[in-house]
file model_21.cif (mmCIF, C-alpha atoms)
data_run
loop_
_atom_site.label_atom_id
_atom_site.label_comp_id
_atom_site.auth_asym_id
_atom_site.auth_seq_id
_atom_site.Cartn_x
_atom_site.Cartn_y
_atom_site.Cartn_z
CA MET A 1 211.47 120.00 -0.07
CA THR A 2 209.79 120.25 3.35
CA PHE A 3 213.07 119.29 5.03
CA LEU A 4 215.06 121.88 3.10
CA ALA A 5 212.48 124.58 3.68
CA ALA A 6 212.86 124.15 7.45
CA PHE A 7 216.42 125.47 7.32
CA ASP A 8 218.09 128.68 6.35
CA LEU A 9 221.27 127.36 4.72
CA VAL A 10 223.30 130.43 5.66
CA ASP A 11 222.27 130.15 9.32
CA VAL A 12 223.04 126.44 9.38
CA LEU A 13 226.51 126.96 7.91
CA ARG A 14 227.21 129.86 10.25
CA SER A 15 226.17 127.87 13.31
CA ALA A 16 228.23 124.88 12.18
CA LEU A 17 231.35 126.97 11.56
CA ILE A 18 231.07 128.74 14.91
CA PHE A 19 230.59 125.42 16.68
CA LEU A 20 233.59 123.86 14.94
CA ALA A 21 235.66 126.95 15.76
CA LEU A 22 234.88 126.25 19.41
CA LEU A 23 235.12 122.46 19.37
CA VAL A 24 238.31 121.88 17.38
CA PRO A 25 240.62 123.90 19.69
CA LEU A 26 239.10 122.16 22.73
CA VAL A 27 239.78 118.74 21.21
CA VAL A 28 243.29 119.72 20.11
CA ILE A 29 244.13 120.91 23.63
CA HIS A 30 242.74 117.67 25.08
CA GLU A 31 244.82 115.53 22.74
CA LEU A 32 247.82 117.79 23.26
CA GLY A 33 247.76 116.76 26.92
CA HIS A 34 248.12 113.08 25.95
CA PHE A 35 250.76 113.97 23.37
CA ILE A 36 252.99 116.07 25.65
CA VAL A 37 252.96 113.60 28.54
CA ALA A 38 253.53 110.59 26.26
CA LYS A 39 256.51 112.32 24.64
CA ALA A 40 257.86 113.27 28.07
CA PHE A 41 257.73 109.61 29.16
CA GLY A 42 259.43 108.38 25.96
CA ILE A 43 256.31 106.65 24.62
CA LYS A 44 256.26 106.52 20.83
CA VAL A 45 253.42 108.58 19.33
CA LEU A 46 252.50 107.30 15.87
CA GLU A 47 249.80 109.83 14.92
CA PHE A 48 248.28 113.08 16.15
CA GLY A 49 244.91 113.42 14.40
CA ILE A 50 242.32 116.18 14.34
CA GLY A 51 238.87 114.84 13.52
CA PHE A 52 238.02 111.20 12.94
CA PRO A 53 239.05 109.20 9.82
CA PRO A 54 238.96 109.00 6.86
CA ARG A 55 241.94 111.26 6.34
CA VAL A 56 241.86 114.37 4.19
CA LYS A 57 244.37 113.63 1.46
CA GLY A 58 247.14 116.17 1.20
CA LEU A 59 246.65 117.39 4.78
CA ALA A 60 249.06 115.03 6.51
CA CYS A 61 252.73 115.41 7.32
CA ARG A 62 255.37 113.53 9.27
CA ILE A 63 257.68 115.24 11.74
CA GLY A 64 260.13 112.87 13.32
CA GLU A 65 258.38 109.66 14.28
CA THR A 66 254.88 111.18 14.48
CA GLU A 67 252.42 111.71 11.64
CA TYR A 68 250.06 114.71 11.94
CA THR A 69 246.74 114.34 10.11
CA ILE A 70 243.48 116.17 9.42
CA ASN A 71 240.42 113.93 9.10
CA TRP A 72 236.98 114.38 7.57
CA LEU A 73 234.79 114.09 10.69
CA PRO A 74 235.62 117.24 12.70
CA ILE A 75 233.88 116.19 15.92
CA GLY A 76 236.81 114.74 17.78
CA GLY A 77 240.48 113.93 17.65
CA PHE A 78 243.00 111.33 18.78
CA VAL A 79 246.59 110.55 19.63
CA ARG A 80 247.60 107.09 18.41
CA MET A 81 250.44 105.64 20.46
CA LEU A 82 252.50 102.54 19.86
CA GLY A 83 251.09 99.41 21.50
CA GLU A 84 248.19 100.92 23.41
CA GLU A 85 247.19 97.41 24.51
CA ASP A 86 250.28 95.41 23.44
CA PRO A 87 253.38 95.68 25.70
CA SER A 88 255.71 93.80 23.36
CA ASP A 89 257.66 96.95 22.36
CA PRO A 90 259.57 98.73 25.17
CA ARG A 91 258.43 102.14 23.85
CA SER A 92 254.78 101.15 23.70
CA LEU A 93 252.17 102.66 25.98
CA ALA A 94 251.26 99.27 27.41
CA ALA A 95 254.91 98.63 28.37
CA ALA A 96 255.12 101.81 30.46
CA ALA A 97 254.76 101.74 34.22
CA HIS A 98 251.22 101.81 35.57
CA TRP A 99 251.53 105.35 36.93
CA LYS A 100 252.86 106.58 33.60
CA ARG A 101 250.00 105.00 31.66
CA PHE A 102 247.47 106.41 34.12
CA THR A 103 249.06 109.88 33.84
CA VAL A 104 249.08 109.78 30.03
CA MET A 105 245.40 108.82 29.90
CA GLY A 106 244.42 111.43 32.47
CA ALA A 107 246.40 114.27 30.89
CA GLY A 108 243.64 115.16 28.41
CA VAL A 109 241.07 115.46 31.19
CA VAL A 110 243.43 117.71 33.19
CA MET A 111 244.03 119.94 30.15
CA ASN A 112 240.29 120.38 29.57
CA LEU A 113 239.69 121.13 33.25
CA GLY A 114 242.46 123.71 33.23
CA LEU A 115 241.10 125.29 30.06
CA ALA A 116 237.57 125.38 31.50
CA LEU A 117 238.86 127.17 34.61
CA LEU A 118 240.75 129.66 32.45
CA LEU A 119 237.73 130.38 30.24
CA PHE A 120 235.30 130.70 33.16
CA SER A 121 237.75 133.11 34.81
CA ILE A 122 238.11 135.15 31.61
CA ALA A 123 234.32 135.32 31.35
CA PHE A 124 234.21 136.98 34.77
CA MET A 125 236.92 139.46 33.72
CA VAL A 126 235.06 140.52 30.56
CA PRO A 127 232.41 143.20 31.28
CA ARG A 128 228.86 141.86 31.06
CA GLU A 129 225.36 143.12 31.76
CA ARG A 130 223.56 141.73 34.80
CA ALA A 131 219.82 142.29 35.20
CA LEU A 132 218.77 143.87 38.51
CA ASN A 133 215.00 143.50 38.18
CA LEU A 134 214.77 141.19 41.24
CA ALA A 135 212.82 137.94 41.77
CA GLN A 136 209.42 138.32 43.41
CA VAL A 137 207.10 135.52 44.48
CA SER A 138 203.85 135.83 42.53
CA GLU A 139 202.12 132.65 43.69
CA VAL A 140 202.63 130.03 46.43
CA MET A 141 201.23 126.54 45.82
CA PRO A 142 199.15 125.05 48.68
CA ASP A 143 200.92 122.42 50.80
CA SER A 144 204.22 123.10 49.03
CA PRO A 145 207.59 123.57 50.77
CA ALA A 146 207.22 127.31 50.15
CA ALA A 147 203.83 127.33 51.88
CA MET A 148 205.35 125.54 54.87
CA ALA A 149 208.60 127.52 54.94
CA VAL A 150 209.88 128.48 58.38
CA ILE A 151 210.19 132.27 58.42
CA THR A 152 212.67 133.71 60.91
CA GLY A 153 213.41 137.24 62.07
CA PHE A 154 211.12 140.09 63.03
CA GLU A 155 208.98 142.62 61.22
CA ARG A 156 210.07 146.22 61.50
CA ASP A 157 207.50 146.78 64.27
CA GLY A 158 209.04 143.91 66.27
CA SER A 159 206.23 141.43 65.62
CA ARG A 160 206.71 137.83 64.50
CA PRO A 161 206.28 137.33 60.73
CA ASP A 162 203.58 135.12 59.24
CA GLN A 163 204.93 131.68 58.38
CA GLY A 164 205.31 130.42 54.81
CA LEU A 165 206.38 132.40 51.78
CA GLN A 166 203.81 134.88 50.52
CA ALA A 167 203.03 136.52 47.20
CA GLY A 168 205.03 139.73 47.09
CA ASP A 169 208.10 138.36 48.92
CA VAL A 170 211.31 139.25 47.10
CA VAL A 171 214.12 136.67 47.25
CA MET A 172 217.50 138.29 47.90
CA GLU A 173 219.74 135.28 48.67
CA VAL A 174 219.75 131.48 48.40
CA ASN A 175 222.27 129.69 50.65
CA GLY A 176 224.40 132.80 50.75
CA ARG A 177 224.28 133.28 46.95
CA GLU A 178 223.09 136.73 45.92
CA VAL A 179 219.90 136.83 43.80
CA ARG A 180 219.15 139.84 41.61
CA ASN A 181 216.90 138.35 38.93
CA VAL A 182 214.65 135.37 38.23
CA SER A 183 217.32 133.41 36.34
CA GLU A 184 219.69 133.53 39.29
CA LEU A 185 216.95 132.33 41.65
CA ILE A 186 216.13 129.37 39.40
CA PHE A 187 219.80 128.44 39.01
CA HIS A 188 220.58 128.57 42.73
CA THR A 189 217.41 126.65 43.61
CA ARG A 190 218.40 123.86 41.22
CA ARG A 191 222.01 124.02 42.40
CA PHE A 192 220.87 123.09 45.93
CA ILE A 193 217.95 120.84 45.00
CA GLY A 194 217.33 118.02 47.46
CA GLU A 195 218.44 120.25 50.34
CA THR A 196 216.78 122.46 52.92
CA GLN A 197 217.73 125.88 51.60
CA THR A 198 218.22 129.08 53.55
CA TRP A 199 216.78 132.13 51.78
CA VAL A 200 216.91 135.80 52.64
CA ILE A 201 213.69 137.53 51.63
CA SER A 202 212.40 141.08 51.66
CA ARG A 203 208.79 141.34 52.86
CA GLY A 204 207.41 144.84 52.94
CA ASN A 205 210.14 146.82 54.63
CA SER A 206 211.54 143.86 56.57
CA THR A 207 214.43 141.51 55.85
CA LEU A 208 213.62 137.96 56.95
CA GLY A 209 215.02 134.45 56.70
CA ALA A 210 213.23 131.44 55.20
CA GLU A 211 214.02 127.72 55.51
CA LEU A 212 212.44 125.52 52.85
CA TYR A 213 213.11 122.22 51.11
CA ALA A 214 213.68 121.94 47.35
CA ARG A 215 211.99 118.71 46.18
CA TRP A 216 213.34 116.22 43.67
CA ARG A 217 209.84 115.25 42.53
CA PRO A 218 207.40 118.18 42.65
CA PRO A 219 203.79 117.69 41.54
CA GLU A 220 202.71 118.54 38.01
CA GLY A 221 202.98 122.27 37.33
CA GLN A 222 205.13 123.03 40.36
CA GLY A 223 208.84 123.67 40.70
CA PRO A 224 211.10 122.27 43.43
CA THR A 225 209.87 124.76 46.06
CA GLY A 226 206.30 125.32 44.84
CA ILE A 227 206.34 128.98 43.84
CA ARG A 228 205.88 131.06 40.74
CA VAL A 229 208.22 134.01 40.39
CA GLY A 230 208.66 137.05 38.21
CA ALA A 231 210.18 140.50 38.20
CA PRO A 232 208.21 143.03 40.32
CA THR A 233 205.84 145.03 38.12
CA VAL A 234 203.64 148.11 38.42
CA CYS A 235 200.42 148.46 36.44
CA SER A 236 198.64 151.66 35.43
CA ASP A 237 195.03 150.45 35.34
CA LEU A 238 192.55 147.57 35.32
CA ASP A 239 190.48 146.35 32.39
CA SER A 240 186.72 145.73 32.55
CA ALA A 241 187.31 142.24 33.98
CA GLY A 242 189.51 143.58 36.75
CA ASN A 243 192.77 142.37 35.23
CA PRO A 244 195.79 144.70 35.43
CA ILE A 245 196.86 146.43 32.23
CA GLY A 246 199.68 148.74 31.27
CA CYS A 247 202.16 146.78 33.38
CA ARG A 248 205.91 147.36 33.33
CA GLN A 249 208.87 146.23 35.36
CA GLN A 250 209.28 148.13 38.58
CA PHE A 251 213.07 147.89 38.45
CA PRO A 252 214.12 147.80 34.77
CA PHE A 253 217.77 148.19 35.67
CA SER A 254 221.03 146.42 34.94
CA GLU A 255 224.67 146.82 35.84
CA THR A 256 227.94 146.17 34.04
CA VAL A 257 230.07 143.81 36.09
CA SER A 258 233.63 142.54 35.73
CA TYR A 259 236.20 141.28 38.20
CA PRO A 260 239.98 141.47 38.55
CA PRO A 261 241.89 138.18 38.10
CA TRP A 262 242.27 137.51 41.84
CA GLU A 263 238.47 137.54 42.16
CA ALA A 264 237.66 136.06 38.74
CA ILE A 265 239.67 132.86 39.26
CA PRO A 266 237.85 131.77 42.48
CA ARG A 267 234.54 132.68 40.82
CA GLY A 268 235.56 130.64 37.78
CA TRP A 269 236.33 127.64 39.99
CA GLN A 270 232.97 127.98 41.74
CA SER A 271 231.23 128.16 38.34
CA MET A 272 232.91 124.90 37.32
CA VAL A 273 231.74 123.15 40.47
CA ASP A 274 228.22 124.59 40.14
CA ALA A 275 227.97 123.57 36.47
CA VAL A 276 228.85 119.94 37.28
CA ILE A 277 226.40 119.77 40.21
CA VAL A 278 223.52 121.46 38.34
CA THR A 279 224.04 119.12 35.37
CA LYS A 280 224.07 116.11 37.70
CA ASN A 281 220.92 117.37 39.42
CA GLU A 282 219.13 117.97 36.11
CA ILE A 283 219.99 114.47 34.90
CA GLN A 284 218.71 113.01 38.18
CA VAL A 285 215.48 114.99 37.89
CA ARG A 286 214.95 113.71 34.34
CA VAL A 287 215.80 110.11 35.23
CA ASN A 288 213.34 110.28 38.11
CA GLY A 289 210.68 111.38 35.62
CA SER A 290 209.95 114.55 37.55
CA SER A 291 207.48 117.01 36.11
CA GLY A 292 209.78 119.71 37.47
CA ALA A 293 212.13 119.18 34.55
CA ASN A 294 211.85 121.44 31.55
CA PRO A 295 210.36 119.23 28.81
CA ASP A 296 211.43 121.68 26.11
CA GLN A 297 215.09 121.10 26.90
CA PRO A 298 216.58 117.78 25.72
CA LEU A 299 218.46 115.71 28.28
CA LEU A 300 221.29 115.10 25.81
CA SER A 301 222.41 116.99 22.73
CA GLY A 302 224.81 115.92 20.03
CA PRO A 303 226.93 118.00 17.65
CA VAL A 304 223.92 119.21 15.65
CA GLY A 305 221.98 120.31 18.73
CA ILE A 306 224.99 122.09 20.24
CA ALA A 307 225.79 123.77 16.93
CA SER A 308 222.21 125.05 16.66
CA THR A 309 222.38 126.36 20.24
CA THR A 310 225.69 128.08 19.45
CA GLY A 311 224.16 129.90 16.51
CA ASP A 312 221.17 131.00 18.61
CA ILE A 313 223.46 132.34 21.35
CA VAL A 314 225.45 134.45 18.89
CA GLU A 315 222.26 135.78 17.28
CA ASP A 316 220.59 136.65 20.58
CA ALA A 317 223.47 137.75 22.80
CA GLY A 318 226.54 138.33 20.64
CA TRP A 319 229.96 136.78 20.97
CA ARG A 320 230.77 137.29 24.66
CA PRO A 321 228.64 134.34 25.93
CA LEU A 322 230.66 132.04 23.66
CA ILE A 323 233.45 132.23 26.23
CA GLU A 324 231.18 130.60 28.80
CA LEU A 325 229.88 128.11 26.23
CA ALA A 326 233.45 127.11 25.35
CA ALA A 327 234.17 126.72 29.07
CA LEU A 328 231.13 124.47 29.49
CA LEU A 329 232.12 122.40 26.45
CA SER A 330 235.66 121.98 27.78
CA LEU A 331 234.30 120.98 31.18
CA SER A 332 231.89 118.53 29.51
CA LEU A 333 234.73 116.96 27.53
CA ALA A 334 236.74 116.53 30.74
CA VAL A 335 233.88 114.94 32.70
CA PHE A 336 232.72 112.75 29.80
CA ASN A 337 236.21 111.46 29.02
CA ALA A 338 236.82 110.68 32.70
CA LEU A 339 233.86 108.27 32.80
CA PRO A 340 234.89 104.58 32.99
CA ILE A 341 233.46 103.81 29.55
CA PRO A 342 235.44 101.63 27.12
CA ALA A 343 237.28 103.58 24.39
CA LEU A 344 237.30 106.75 26.54
CA ASP A 345 240.22 107.90 28.68
CA GLY A 346 238.35 106.85 31.81
CA GLY A 347 237.80 103.37 30.38
CA ARG A 348 241.51 102.94 29.70
CA MET A 349 242.38 104.29 33.15
CA PHE A 350 239.94 101.76 34.58
CA PHE A 351 241.85 98.93 32.91
CA VAL A 352 245.08 100.19 34.53
CA LEU A 353 243.38 100.11 37.94
CA VAL A 354 242.07 96.59 37.27
CA GLU A 355 245.62 95.45 36.48
CA LEU A 356 246.83 96.91 39.77
CA LEU A 357 244.06 95.09 41.65
CA ARG A 358 245.12 91.87 39.88
CA GLY A 359 248.63 92.27 41.27
CA GLY A 360 250.02 93.61 37.99
CA ARG A 361 248.72 90.75 35.86
CA ARG A 362 247.68 92.12 32.47
CA ILE A 363 244.43 91.53 30.68
CA SER A 364 245.18 90.06 27.27
CA PRO A 365 245.67 92.73 24.57
CA GLU A 366 243.07 91.02 22.36
CA LYS A 367 240.37 91.20 25.04
CA GLU A 368 241.12 94.79 26.00
CA SER A 369 241.22 95.86 22.36
CA LEU A 370 237.87 94.16 21.71
CA VAL A 371 236.26 95.88 24.70
CA HIS A 372 237.44 99.30 23.51
CA LEU A 373 236.30 98.56 19.94
CA VAL A 374 232.83 97.62 21.14
CA GLY A 375 232.75 100.70 23.36
CA PHE A 376 233.72 102.95 20.45
CA ALA A 377 231.03 101.41 18.24
CA MET A 378 228.42 101.99 20.95
CA LEU A 379 229.52 105.60 21.44
CA LEU A 380 229.36 106.24 17.71
CA SER A 381 225.91 104.68 17.56
CA GLY A 382 224.80 106.84 20.47
CA ILE A 383 226.05 109.98 18.72
CA LEU A 384 224.13 109.03 15.58
CA VAL A 385 220.90 108.43 17.53
CA ILE A 386 221.21 111.73 19.44
CA THR A 387 222.00 113.53 16.17
CA PHE A 388 218.85 112.07 14.61
CA PHE A 389 216.71 113.44 17.45
CA ASP A 390 218.54 116.80 17.29
CA ILE A 391 217.64 117.11 13.60
CA SER A 392 214.07 115.96 14.30
CA ARG A 393 213.64 118.73 16.88
CA LEU A 394 215.00 121.32 14.47
CA ILE A 395 212.61 120.45 11.62
CA THR A 396 209.42 120.00 13.66
#
call {"tool": "encode", "arguments": {"input": "model_21.cif", "output": "structure tokens"}}
result
Amino acid sequence: MTFLAAFDLVDVLRSALIFLALLVPLVVIHELGHFIVAKAFGIKVLEFGIGFPPRVKGLACRIGETEYTINWLPIGGFVRMLGEEDPSDPRSLAAAAHWKRFTVMGAGVVMNLGLALLLFSIAFMVPRERALNLAQVSEVMPDSPAAMAVITGFERDGSRPDQGLQAGDVVMEVNGREVRNVSELIFHTRRFIGETQTWVISRGNSTLGAELYARWRPPEGQGPTGIRVGAPTVCSDLDSAGNPIGCRQQFPFSETVSYPPWEAIPRGWQSMVDAVIVTKNEIQVRVNGSSGANPDQPLLSGPVGIASTTGDIVEDAGWRPLIELAALLSLSLAVFNALPIPALDGGRMFFVLVELLRGGRRISPEKESLVHLVGFAMLLSGILVITFFDISRLIT
């Protein structure tokens, strides 16, 4: 009863349906890449499946030599080709030339990358609200990179500025990236973590430069640069203890932004690159055990965790952010499937490269099949473990 009480059944079903509505088309497009290229090369496709078996009875049909099926586990999909490891049939995948096999296996990744670029670009074309409440330094930690930042430029009176970031400084740019709110500052700082960053700051009535390093392993309670930030505020009074009261944002503004296609596409490409790098950086921070990581955010999420996040996004921000979420999911599918892990596209592509390095000598079909089977079992086990922790987080 405690478990059931932790969930609103309607919310759970809504989140699950929204998530599946995003995931299934992404998987179909991925598998469609394999399917189209295999057909173009004359490789026999036995089955095009949506979801993982067992099959849903009555939802299967055969068109030509290919059977199209719907399966009960709607968290993936597959294209089953003739002789994926056995080259005995001339129309089998394994009998195709190395470059054809490599192209077939990589086609799904390319489709997901293309879809991610399209969705990121569309997200920039759709009007959205952007907060303009700025990012002001509220505290600088002693002996931090921010405290030792090299400040360049001149004050308006021509004098040299004091060195180190100071409370009250407003960050306007990070490495040439415009900053108009706290979220953008955090994102850009983590995008260029491990580097000496060039900031543009506003101090008083002066525009100055700042050079500071973003650390991989900041001390407890500090971020990569050693500052606390917030939107500039104004307060109407002080309480009896001298603490400010009646505070409000000094710049409670926003703007509606959208871009034409010729600007949206380059921005979409940059978003793809940034998303991959930020994800890589976040994983590295977590693996290093840095206190700078956000402990409330899990390192990995499975279908349940992503579905819950999807429902929260729709409830808090409406449907427009789902375009960006779908783009991120498509990008994640591309990157994940490109990894050289058995049973994934990257694992099969790796076997093709190994054959080339062996002078074309094939690894026995039995051994390759066993490796992929073990890899699939490990992936499925990993999904189950992550799902368990996703559910644990939701009910605690």
call {"tool": "resolve_selection", "arguments": {"input": "model_21.cif", "expression": "the PyMOL selection byres ((chain A and resi 198-203) around 6)", "output": "PyMOL selection string"}}
result
chain A and resi 169-175+197+204-211
call {"tool": "resolve_selection", "arguments": {"input": "model_21.cif", "expression": "the PyMOL selection byres ((chain A and resi 251-264) around 7)", "output": "number ranges by chain"}}
result
A: 121, 124-133, 249-250, 265-268
call {"tool": "atom_distance", "arguments": {"input": "model_21.cif", "atom1": "CA of Lys280 in chain A", "atom2": "CA of Leu329 in chain A"}}
result
15.2 Å
call {"tool": "residues_around", "arguments": {"input": "model_21.cif", "residues": "range 60-72 of chain A", "least_positions_apart": "2", "cutoff": "12 Å", "atoms": "all atoms listed in the file", "output": "VMD selection string"}}
result
chain A and resid 24 28 32 35 38 to 39 42 to 58 74 to 82
call {"tool": "atom_distance", "arguments": {"input": "model_21.cif", "atom1": "CA of Met105 in chain A", "atom2": "CA of Arg348 in chain A"}}
result
7.1 Å
call {"tool": "atom_distance", "arguments": {"input": "model_21.cif", "atom1": "CA of Leu353 in chain A", "atom2": "CA of Ala338 in chain A"}}
result
13.5 Å
call {"tool": "resolve_selection", "arguments": {"input": "model_21.cif", "expression": "the PyMOL selection byres ((chain A and resi 362-366) around 9)", "output": "list in words"}}
result
Glu84, Glu85, Asp86, Pro87, Phe351, Val352, Val354, Glu355, Leu356, Arg358, Gly359, Gly360, Arg361, Lys367, Glu368, Ser369, Leu370 and Val371 of chain A
call {"tool": "closest_residue", "arguments": {"input": "model_21.cif", "among": "A:Leu22, A:Val109, A:Ala147, A:Ala231", "to": "Gly168 in chain A", "atoms": "only C-alpha atoms"}}
result
A:Ala231
call {"tool": "residues_around", "arguments": {"input": "model_21.cif", "residues": "Met272 in chain A", "least_positions_apart": "4", "cutoff": "12 Å", "atoms": "only C-alpha atoms", "output": "short mmCIF file (atom, residue, chain, number, x, y, z; two decimals) with C-alpha atoms, in the coordinates of the input"}}
result
data_model
loop_
_atom_site.label_atom_id
_atom_site.label_comp_id
_atom_site.auth_asym_id
_atom_site.auth_seq_id
_atom_site.Cartn_x
_atom_site.Cartn_y
_atom_site.Cartn_z
CA ASN A 112 240.29 120.38 29.57
CA LEU A 113 239.69 121.13 33.25
CA GLY A 114 242.46 123.71 33.23
CA LEU A 115 241.10 125.29 30.06
CA ALA A 116 237.57 125.38 31.50
CA LEU A 117 238.86 127.17 34.61
CA LEU A 118 240.75 129.66 32.45
CA LEU A 119 237.73 130.38 30.24
CA PHE A 120 235.30 130.70 33.16
CA SER A 121 237.75 133.11 34.81
CA ILE A 265 239.67 132.86 39.26
CA PRO A 266 237.85 131.77 42.48
CA ARG A 267 234.54 132.68 40.82
CA GLY A 268 235.56 130.64 37.78
CA VAL A 276 228.85 119.94 37.28
CA ILE A 277 226.40 119.77 40.21
CA VAL A 278 223.52 121.46 38.34
CA THR A 279 224.04 119.12 35.37
CA GLU A 324 231.18 130.60 28.80
CA LEU A 325 229.88 128.11 26.23
CA ALA A 327 234.17 126.72 29.07
CA LEU A 328 231.13 124.47 29.49
CA LEU A 329 232.12 122.40 26.45
CA SER A 330 235.66 121.98 27.78
CA LEU A 331 234.30 120.98 31.18
CA SER A 332 231.89 118.53 29.51
CA ALA A 334 236.74 116.53 30.74
CA VAL A 335 233.88 114.94 32.70
#
